[in-house]
Amino acid sequence: MNRLIGKVAVVTGSTQGIGFAVAKRLAAEGAKVVVSSRQEANVKEAVEKLKHLGYQDNIIGTVCHVSKPEDRKRLYEEAFNKFGGIDILVSSAGVNPHIGSTADCPEDKWDKIFDVNVKSSFLLIKEVLPYLKGRNGGSIVNMSSIAGLKPIQEIGAYSVSKSALIAMTKVFANELASLNIRVNCVAPGMIRTLFTEFIFRDKPLQDALVSTIPMGRAGEPSDIEGVTAFLCSDEARYITGETIVVAGGTHSRI
């Protein structure tokens with residue numbers, strides 16, 4: 001499919017897992033893509049992988065710690081200088097440094113969770129707006145989690161941050177609709193990535209969680225890329241403010 005030819009996409013947290021799968025899919029659909037993450041070595045490796053797949057002319061990468069203003073500024077400037085504009089932002093970077101009781105979450109870890117998962121997502125949207133306005137519109141996709149709709153024991157602070165991201169999606173969707181800028185959200189369920197490796201190292205925990213999934217399996221990053229690409233495309237031109245759960249039928253309610 002070539003739904004994204006002529007579009008320029010910036011994807012944060014995109015050197016592995018869900019973010020990498022999304023970047024690869026957007027490139028496959030014709031977009032020019034800027035990949036990024038905190039570690040330079042990971043950025044270089046991701047760019048090489050994508051170029052090896054045949055996307056030599058439409059992939060660049062840059063280091064971006066989304067909590068650092070100078071990194072966010074460089075991310076957007078490089079996209080603009082290399083590709084001439086920005087049409088799509090996929091905000092995929094996220095952290096969860098605390099596993100355990102929410103009441104036992106240290107203040108510094110709570111602050112880190114909200115700094116990366118919520119505040120940085122807000123600033124990424126705020127700072128990309130001049131570029132999207134310059135293209136007379138665009139699409140923003142925030143990567144939330146089913147934990148934002150159905151809080152998960154042991155990752156309560158993370159769940160709260162992902163609920164906030166869903167609310168922020170709705171707020172921005174309302175405010176930006178008149179500018180032809182759509183803002184939507186994807187809420188993955190249990191996806192097999194480095195981020196969730198603590199689950200797959202614990203067989204009883206893994207089995208218990210999989211038992212709650214009607215489709216009977218954990219998801220893969222490739223299960224998330226298609227719906228994200230759809231939301232980025234003109235096929236979703238009348239969709240904004242929505243959160244799509246991709247979780248194998250897992251029940252969710254906020």
# chains A, B, ... in the order shown; residues from 1 in each chain; ligands from 1

$ select_by_dssp --residues "segment 9-167 of chain A" --states "strand (DSSP E or B)" --output "number ranges by chain"
A: 9-11, 32-37, 59-63, 88-91, 100, 138-143, 155

$ write_last_selection --atoms "N, CA and C atoms" --output "PDB file, in the first residue's frame"
ATOM      1  N   ALA A   9       7.054  11.692   8.399  1.00  0.00           N
ATOM      2  CA  ALA A   9       6.655  11.241   9.732  1.00  0.00           C
ATOM      3  C   ALA A   9       7.829  11.280  10.693  1.00  0.00           C
ATOM      4  N   VAL A  10       7.574  11.764  11.887  1.00  0.00           N
ATOM      5  CA  VAL A  10       8.534  11.714  12.989  1.00  0.00           C
ATOM      6  C   VAL A  10       7.997  10.708  14.006  1.00  0.00           C
ATOM      7  N   VAL A  11       8.833   9.730  14.361  1.00  0.00           N
ATOM      8  CA  VAL A  11       8.406   8.693  15.312  1.00  0.00           C
ATOM      9  C   VAL A  11       9.400   8.670  16.461  1.00  0.00           C
ATOM     10  N   LYS A  32       8.377   9.399   4.294  1.00  0.00           N
ATOM     11  CA  LYS A  32       9.741   9.666   4.724  1.00  0.00           C
ATOM     12  C   LYS A  32       9.708   9.719   6.245  1.00  0.00           C
ATOM     13  N   VAL A  33      10.624   9.004   6.892  1.00  0.00           N
ATOM     14  CA  VAL A  33      10.511   8.766   8.329  1.00  0.00           C
ATOM     15  C   VAL A  33      11.785   9.166   9.059  1.00  0.00           C
ATOM     16  N   VAL A  34      11.600   9.858  10.178  1.00  0.00           N
ATOM     17  CA  VAL A  34      12.703  10.176  11.087  1.00  0.00           C
ATOM     18  C   VAL A  34      12.555   9.287  12.319  1.00  0.00           C
ATOM     19  N   VAL A  35      13.529   8.393  12.526  1.00  0.00           N
ATOM     20  CA  VAL A  35      13.517   7.543  13.716  1.00  0.00           C
ATOM     21  C   VAL A  35      14.392   8.184  14.789  1.00  0.00           C
ATOM     22  N   SER A  36      14.078   7.856  16.046  1.00  0.00           N
ATOM     23  CA  SER A  36      14.826   8.486  17.134  1.00  0.00           C
ATOM     24  C   SER A  36      14.700   7.675  18.409  1.00  0.00           C
ATOM     25  N   SER A  37      15.704   7.819  19.265  1.00  0.00           N
ATOM     26  CA  SER A  37      15.650   7.324  20.639  1.00  0.00           C
ATOM     27  C   SER A  37      16.813   7.949  21.393  1.00  0.00           C
ATOM     28  N   ILE A  59      14.709   7.393   5.003  1.00  0.00           N
ATOM     29  CA  ILE A  59      14.930   7.179   6.430  1.00  0.00           C
ATOM     30  C   ILE A  59      16.119   8.016   6.900  1.00  0.00           C
ATOM     31  N   ILE A  60      15.931   8.752   7.974  1.00  0.00           N
ATOM     32  CA  ILE A  60      17.050   9.342   8.698  1.00  0.00           C
ATOM     33  C   ILE A  60      16.810   9.085  10.191  1.00  0.00           C
ATOM     34  N   GLY A  61      17.855   9.245  10.985  1.00  0.00           N
ATOM     35  CA  GLY A  61      17.717   9.042  12.413  1.00  0.00           C
ATOM     36  C   GLY A  61      18.463  10.104  13.195  1.00  0.00           C
ATOM     37  N   THR A  62      17.997  10.357  14.398  1.00  0.00           N
ATOM     38  CA  THR A  62      18.672  11.316  15.259  1.00  0.00           C
ATOM     39  C   THR A  62      18.432  10.940  16.713  1.00  0.00           C
ATOM     40  N   VAL A  63      19.390  11.268  17.551  1.00  0.00           N
ATOM     41  CA  VAL A  63      19.231  11.037  18.982  1.00  0.00           C
ATOM     42  C   VAL A  63      18.208  12.022  19.531  1.00  0.00           C
ATOM     43  N   ILE A  88       3.277  14.073  10.099  1.00  0.00           N
ATOM     44  CA  ILE A  88       2.848  13.039  11.044  1.00  0.00           C
ATOM     45  C   ILE A  88       3.781  13.026  12.242  1.00  0.00           C
ATOM     46  N   LEU A  89       3.203  12.948  13.425  1.00  0.00           N
ATOM     47  CA  LEU A  89       3.959  12.677  14.638  1.00  0.00           C
ATOM     48  C   LEU A  89       3.377  11.439  15.297  1.00  0.00           C
ATOM     49  N   VAL A  90       4.222  10.439  15.525  1.00  0.00           N
ATOM     50  CA  VAL A  90       3.841   9.290  16.348  1.00  0.00           C
ATOM     51  C   VAL A  90       4.677   9.366  17.616  1.00  0.00           C
ATOM     52  N   SER A  91       3.998   9.630  18.736  1.00  0.00           N
ATOM     53  CA  SER A  91       4.670   9.798  20.018  1.00  0.00           C
ATOM     54  C   SER A  91       4.669   8.452  20.742  1.00  0.00           C
ATOM     55  N   GLY A 100       5.470  -2.436  41.183  1.00  0.00           N
ATOM     56  CA  GLY A 100       5.094  -2.693  42.563  1.00  0.00           C
ATOM     57  C   GLY A 100       3.932  -1.809  42.972  1.00  0.00           C
ATOM     58  N   GLY A 138      -2.400  17.704   9.537  1.00  0.00           N
ATOM     59  CA  GLY A 138      -1.559  16.541   9.768  1.00  0.00           C
ATOM     60  C   GLY A 138      -2.215  15.590  10.747  1.00  0.00           C
ATOM     61  N   SER A 139      -1.444  14.600  11.149  1.00  0.00           N
ATOM     62  CA  SER A 139      -1.956  13.568  12.046  1.00  0.00           C
ATOM     63  C   SER A 139      -0.975  13.332  13.178  1.00  0.00           C
ATOM     64  N   ILE A 140      -1.506  13.256  14.395  1.00  0.00           N
ATOM     65  CA  ILE A 140      -0.717  12.933  15.580  1.00  0.00           C
ATOM     66  C   ILE A 140      -1.293  11.662  16.182  1.00  0.00           C
ATOM     67  N   VAL A 141      -0.429  10.707  16.484  1.00  0.00           N
ATOM     68  CA  VAL A 141      -0.855   9.471  17.142  1.00  0.00           C
ATOM     69  C   VAL A 141      -0.040   9.292  18.411  1.00  0.00           C
ATOM     70  N   ASN A 142      -0.739   9.241  19.545  1.00  0.00           N
ATOM     71  CA  ASN A 142      -0.090   8.974  20.825  1.00  0.00           C
ATOM     72  C   ASN A 142      -0.170   7.488  21.130  1.00  0.00           C
ATOM     73  N   MET A 143       0.930   6.923  21.624  1.00  0.00           N
ATOM     74  CA  MET A 143       0.949   5.515  21.969  1.00  0.00           C
ATOM     75  C   MET A 143       0.679   5.386  23.462  1.00  0.00           C
ATOM     76  N   ILE A 155       1.822  -1.999  38.034  1.00  0.00           N
ATOM     77  CA  ILE A 155       2.298  -0.857  37.233  1.00  0.00           C
ATOM     78  C   ILE A 155       1.268   0.276  37.318  1.00  0.00           C
TER      79      ILE A 155
END

$ closest_atom_pairs --of "segment 53-79 of chain A" --to "segment 102-121 of chain A" --cutoff "10 Å" --atoms "only C-alpha atoms" --output "tab-separated table"
residue	atom	partner	partner_atom	distance
A:His65	CA	A:Val116	CA	9.0
A:Val66	CA	A:Ser120	CA	5.8
A:Ser67	CA	A:Ser120	CA	5.5
A:Lys68	CA	A:Ser120	CA	8.5
A:Pro69	CA	A:Ser120	CA	9.2
A:Arg72	CA	A:Ser120	CA	9.2

$ closest_atom_pairs --of "segment 12-99 of chain A" --to "segment 223-226 of chain A" --cutoff "7 Å" --atoms "only C-alpha atoms" --output "Markdown table"
| residue | atom | partner | partner_atom | distance |
| --- | --- | --- | --- | --- |
| A:Ile18 | CA | A:Ile224 | CA | 6.8 |
| A:Ala21 | CA | A:Glu225 | CA | 5.9 |
| A:Val22 | CA | A:Glu225 | CA | 4.6 |
| A:Arg25 | CA | A:Glu225 | CA | 6.1 |

$ select_by_dssp --residues "segment 10-92 of chain A" --states "alpha helix (DSSP H)" --output "ChimeraX atom specification"
/A:17-28,40-52,69-83

$ write_last_selection --atoms "C-alpha atoms" --output "CSV table (one decimal), in the first residue's frame"
chain,number,residue,atom,x,y,z
A,17,GLY,CA,9.7,-2.7,19.7
A,18,ILE,CA,6.4,-1.0,18.8
A,19,GLY,CA,8.1,2.3,17.7
A,20,PHE,CA,10.4,0.5,15.3
A,21,ALA,CA,7.6,-1.6,13.8
A,22,VAL,CA,5.6,1.6,13.2
A,23,ALA,CA,8.5,3.4,11.6
A,24,LYS,CA,9.1,0.5,9.3
A,25,ARG,CA,5.4,0.3,8.3
A,26,LEU,CA,5.2,4.0,7.6
A,27,ALA,CA,8.3,3.8,5.4
A,28,ALA,CA,6.8,0.8,3.6
A,40,GLU,CA,23.0,6.9,19.4
A,41,ALA,CA,24.1,3.3,18.9
A,42,ASN,CA,20.4,2.2,18.8
A,43,VAL,CA,19.5,5.0,16.3
A,44,LYS,CA,22.4,3.9,14.0
A,45,GLU,CA,21.4,0.3,14.2
A,46,ALA,CA,17.7,1.0,13.5
A,47,VAL,CA,18.6,3.2,10.5
A,48,GLU,CA,20.9,0.5,9.0
A,49,LYS,CA,18.2,-2.1,9.5
A,50,LEU,CA,15.6,0.0,7.7
A,51,LYS,CA,18.0,0.9,4.9
A,52,HIS,CA,18.8,-2.8,4.5
A,69,PRO,CA,14.2,20.6,24.8
A,70,GLU,CA,17.3,20.7,22.7
A,71,ASP,CA,16.8,17.2,21.5
A,72,ARG,CA,13.1,17.8,20.5
A,73,LYS,CA,14.1,21.0,18.7
A,74,ARG,CA,16.8,19.1,16.7
A,75,LEU,CA,14.4,16.3,15.9
A,76,TYR,CA,12.0,18.6,14.2
A,77,GLU,CA,14.6,20.7,12.6
A,78,GLU,CA,16.3,17.7,11.0
A,79,ALA,CA,13.0,16.4,9.7
A,80,PHE,CA,12.3,19.8,8.2
A,81,ASN,CA,15.8,20.4,6.8
A,82,LYS,CA,16.1,16.9,5.2
A,83,PHE,CA,12.5,16.3,4.0

$ closest_residue --among "A:Ser14, A:Ser233, A:Thr196, A:Thr240" --to "Ile99 of chain A" --atoms "only C-alpha atoms"
A:Thr196

$ closest_residue --among "A:Ser211, A:Gln153, A:Ser222, A:Ser178" --to "Ser101 of chain A" --atoms "only C-alpha atoms"
A:Gln153

$ residues_around --residues "Val227 of chain A" --least-positions-apart "4" --cutoff "9 Å" --atoms "only C-alpha atoms" --output "number ranges by chain"
A: 186, 223, 231-232, 244, 246

$ write_last_selection --atoms "C-alpha atoms" --output "compact mmCIF listing (two decimals), in the first residue's frame"
# COMPACT_ATOMS: atom_id res chain seq x y z
CA VAL A 186 -3.48 3.59 20.17
CA ASP A 223 0.10 -6.16 15.53
CA LEU A 231 -4.64 6.60 11.70
CA CYS A 232 -1.77 8.46 10.03
CA ILE A 244 -8.17 2.26 19.53
CA VAL A 246 -5.27 -3.40 20.15

$ residues_around --residues "Arg3 of chain A" --least-positions-apart "4" --cutoff "8 Å" --atoms "only C-alpha atoms" --output "VMD selection string"
chain A and resid 29 to 30 233 to 234

$ write_last_selection --atoms "all heavy atoms" --output "mmCIF file, in the first residue's frame"
data_model
loop_
_atom_site.group_PDB
_atom_site.id
_atom_site.type_symbol
_atom_site.label_atom_id
_atom_site.label_comp_id
_atom_site.auth_asym_id
_atom_site.auth_seq_id
_atom_site.Cartn_x
_atom_site.Cartn_y
_atom_site.Cartn_z
ATOM 1 N N GLU A 29 4.817 2.217 3.537
ATOM 2 C CA GLU A 29 3.658 2.830 2.889
ATOM 3 C C GLU A 29 4.009 4.142 2.194
ATOM 4 O O GLU A 29 3.122 4.877 1.755
ATOM 5 C CB GLU A 29 2.541 3.037 3.913
ATOM 6 C CG GLU A 29 2.034 1.717 4.469
ATOM 7 C CD GLU A 29 0.572 1.734 4.815
ATOM 8 O OE1 GLU A 29 -0.151 2.644 4.349
ATOM 9 O OE2 GLU A 29 0.137 0.819 5.528
ATOM 10 N N GLY A 30 5.294 4.444 2.103
ATOM 11 C CA GLY A 30 5.734 5.563 1.274
ATOM 12 C C GLY A 30 6.161 6.814 2.002
ATOM 13 O O GLY A 30 6.616 7.772 1.363
ATOM 14 N N SER A 233 -2.992 7.962 8.006
ATOM 15 C CA SER A 233 -3.330 8.119 6.594
ATOM 16 C C SER A 233 -4.617 8.903 6.391
ATOM 17 O O SER A 233 -5.409 9.115 7.322
ATOM 18 C CB SER A 233 -3.479 6.741 5.941
ATOM 19 O OG SER A 233 -4.724 6.148 6.295
ATOM 20 N N ASP A 234 -4.852 9.283 5.144
ATOM 21 C CA ASP A 234 -6.073 10.013 4.803
ATOM 22 C C ASP A 234 -7.312 9.123 4.885
ATOM 23 O O ASP A 234 -8.435 9.631 4.856
ATOM 24 C CB ASP A 234 -5.952 10.613 3.405
ATOM 25 C CG ASP A 234 -4.979 11.775 3.352
ATOM 26 O OD1 ASP A 234 -4.686 12.348 4.424
ATOM 27 O OD2 ASP A 234 -4.497 12.099 2.253
#

$ residues_around --residues "Thr169 of chain A" --least-positions-apart "6" --cutoff "7 Å" --atoms "only C-alpha atoms" --output "PyMOL selection string"
chain A and resi 183-185+241

$ residues_around --residues "Arg135 of chain A" --least-positions-apart "3" --cutoff "7 Å" --atoms "only C-alpha atoms" --output "list of chain:residue names"
A:Asp87, A:Tyr131, A:Leu132

$ write_last_selection --atoms "N, CA, C and O atoms" --output "CSV table (one decimal), in the first residue's frame"
chain,number,residue,atom,x,y,z
A,87,ASP,N,4.4,16.0,8.5
A,87,ASP,CA,2.9,15.7,8.4
A,87,ASP,C,2.4,14.9,9.5
A,87,ASP,O,1.2,14.9,9.8
A,131,TYR,N,4.9,23.2,12.4
A,131,TYR,CA,5.3,22.4,11.2
A,131,TYR,C,4.0,21.8,10.6
A,131,TYR,O,3.9,21.9,9.3
A,132,LEU,N,3.1,21.3,11.4
A,132,LEU,CA,1.8,20.8,10.8
A,132,LEU,C,1.0,21.9,10.2
A,132,LEU,O,0.4,21.7,9.1

$ decode --residues "segment 173-187 of chain A" --atoms "all heavy atoms" --output "tab-separated table (two decimals), in the first residue's frame"
chain	number	residue	atom	x	y	z
A	173	ALA	N	-7.44	16.92	20.35
A	173	ALA	CA	-8.28	16.66	19.18
A	173	ALA	C	-9.33	17.74	19.03
A	173	ALA	O	-9.58	18.24	17.92
A	173	ALA	CB	-8.93	15.28	19.30
A	174	ASN	N	-9.96	18.12	20.13
A	174	ASN	CA	-10.98	19.18	20.09
A	174	ASN	C	-10.37	20.52	19.69
A	174	ASN	O	-10.93	21.26	18.89
A	174	ASN	CB	-11.65	19.32	21.46
A	174	ASN	CG	-12.59	18.16	21.76
A	174	ASN	OD1	-13.05	17.48	20.86
A	174	ASN	ND2	-12.87	17.96	23.03
A	175	GLU	N	-9.21	20.83	20.25
A	175	GLU	CA	-8.62	22.14	20.01
A	175	GLU	C	-8.04	22.29	18.60
A	175	GLU	O	-7.99	23.40	18.07
A	175	GLU	CB	-7.51	22.40	21.04
A	175	GLU	CG	-8.04	22.57	22.47
A	175	GLU	CD	-6.95	22.95	23.45
A	175	GLU	OE1	-5.80	23.18	23.02
A	175	GLU	OE2	-7.25	23.01	24.66
A	176	LEU	N	-7.61	21.19	18.01
A	176	LEU	CA	-6.88	21.28	16.74
A	176	LEU	C	-7.71	20.86	15.52
A	176	LEU	O	-7.23	20.97	14.39
A	176	LEU	CB	-5.62	20.41	16.81
A	176	LEU	CG	-4.63	20.78	17.93
A	176	LEU	CD1	-3.44	19.82	17.93
A	176	LEU	CD2	-4.15	22.21	17.77
A	177	ALA	N	-8.94	20.41	15.74
A	177	ALA	CA	-9.75	19.92	14.62
A	177	ALA	C	-9.95	20.99	13.55
A	177	ALA	O	-9.93	20.70	12.35
A	177	ALA	CB	-11.09	19.42	15.13
A	178	SER	N	-10.14	22.24	13.97
A	178	SER	CA	-10.38	23.31	13.00
A	178	SER	C	-9.16	23.61	12.14
A	178	SER	O	-9.27	24.28	11.11
A	178	SER	CB	-10.83	24.58	13.72
A	178	SER	OG	-9.80	25.06	14.57
A	179	LEU	N	-7.99	23.12	12.57
A	179	LEU	CA	-6.76	23.32	11.81
A	179	LEU	C	-6.44	22.14	10.92
A	179	LEU	O	-5.36	22.07	10.33
A	179	LEU	CB	-5.59	23.56	12.78
A	179	LEU	CG	-5.70	24.78	13.68
A	179	LEU	CD1	-4.55	24.80	14.69
A	179	LEU	CD2	-5.69	26.06	12.84
A	180	ASN	N	-7.39	21.19	10.82
A	180	ASN	CA	-7.19	19.98	10.03
A	180	ASN	C	-6.05	19.12	10.60
A	180	ASN	O	-5.34	18.44	9.86
A	180	ASN	CB	-6.91	20.31	8.56
A	180	ASN	CG	-7.04	19.09	7.66
A	180	ASN	OD1	-7.88	18.21	7.90
A	180	ASN	ND2	-6.21	19.03	6.63
A	181	ILE	N	-5.88	19.18	11.91
A	181	ILE	CA	-4.89	18.34	12.59
A	181	ILE	C	-5.66	17.33	13.44
A	181	ILE	O	-6.41	17.71	14.34
A	181	ILE	CB	-3.96	19.18	13.48
A	181	ILE	CG1	-3.15	20.15	12.61
A	181	ILE	CG2	-3.02	18.27	14.28
A	181	ILE	CD1	-2.34	21.16	13.40
A	182	ARG	N	-5.48	16.07	13.13
A	182	ARG	CA	-6.17	15.00	13.85
A	182	ARG	C	-5.25	14.45	14.95
A	182	ARG	O	-4.05	14.33	14.74
A	182	ARG	CB	-6.58	13.88	12.90
A	182	ARG	CG	-7.56	14.35	11.83
A	182	ARG	CD	-7.97	13.22	10.90
A	182	ARG	NE	-6.85	12.69	10.14
A	182	ARG	CZ	-6.24	11.55	10.37
A	182	ARG	NH1	-6.62	10.78	11.39
A	182	ARG	NH2	-5.23	11.15	9.61
A	183	VAL	N	-5.83	14.11	16.08
A	183	VAL	CA	-5.06	13.56	17.20
A	183	VAL	C	-5.78	12.32	17.71
A	183	VAL	O	-6.92	12.39	18.19
A	183	VAL	CB	-4.92	14.59	18.35
A	183	VAL	CG1	-3.93	14.07	19.40
A	183	VAL	CG2	-4.46	15.94	17.82
A	184	ASN	N	-5.13	11.19	17.59
A	184	ASN	CA	-5.70	9.92	18.02
A	184	ASN	C	-4.72	9.15	18.89
A	184	ASN	O	-3.58	9.57	19.09
A	184	ASN	CB	-6.12	9.09	16.80
A	184	ASN	CG	-7.31	9.68	16.08
A	184	ASN	OD1	-8.42	9.71	16.59
A	184	ASN	ND2	-7.08	10.18	14.87
A	185	CYS	N	-5.19	8.04	19.40
A	185	CYS	CA	-4.41	7.27	20.36
A	185	CYS	C	-4.54	5.78	20.05
A	185	CYS	O	-5.61	5.31	19.66
A	185	CYS	CB	-4.95	7.57	21.76
A	185	CYS	SG	-3.84	7.21	23.10
A	186	VAL	N	-3.46	5.05	20.24
A	186	VAL	CA	-3.48	3.59	20.17
A	186	VAL	C	-3.14	3.06	21.54
A	186	VAL	O	-2.21	3.54	22.19
A	186	VAL	CB	-2.47	3.07	19.12
A	186	VAL	CG1	-2.43	1.53	19.14
A	186	VAL	CG2	-2.84	3.57	17.73
A	187	ALA	N	-3.92	2.08	22.00
A	187	ALA	CA	-3.71	1.48	23.32
A	187	ALA	C	-3.40	0.00	23.16
A	187	ALA	O	-4.31	-0.84	23.14
A	187	ALA	CB	-4.94	1.68	24.20
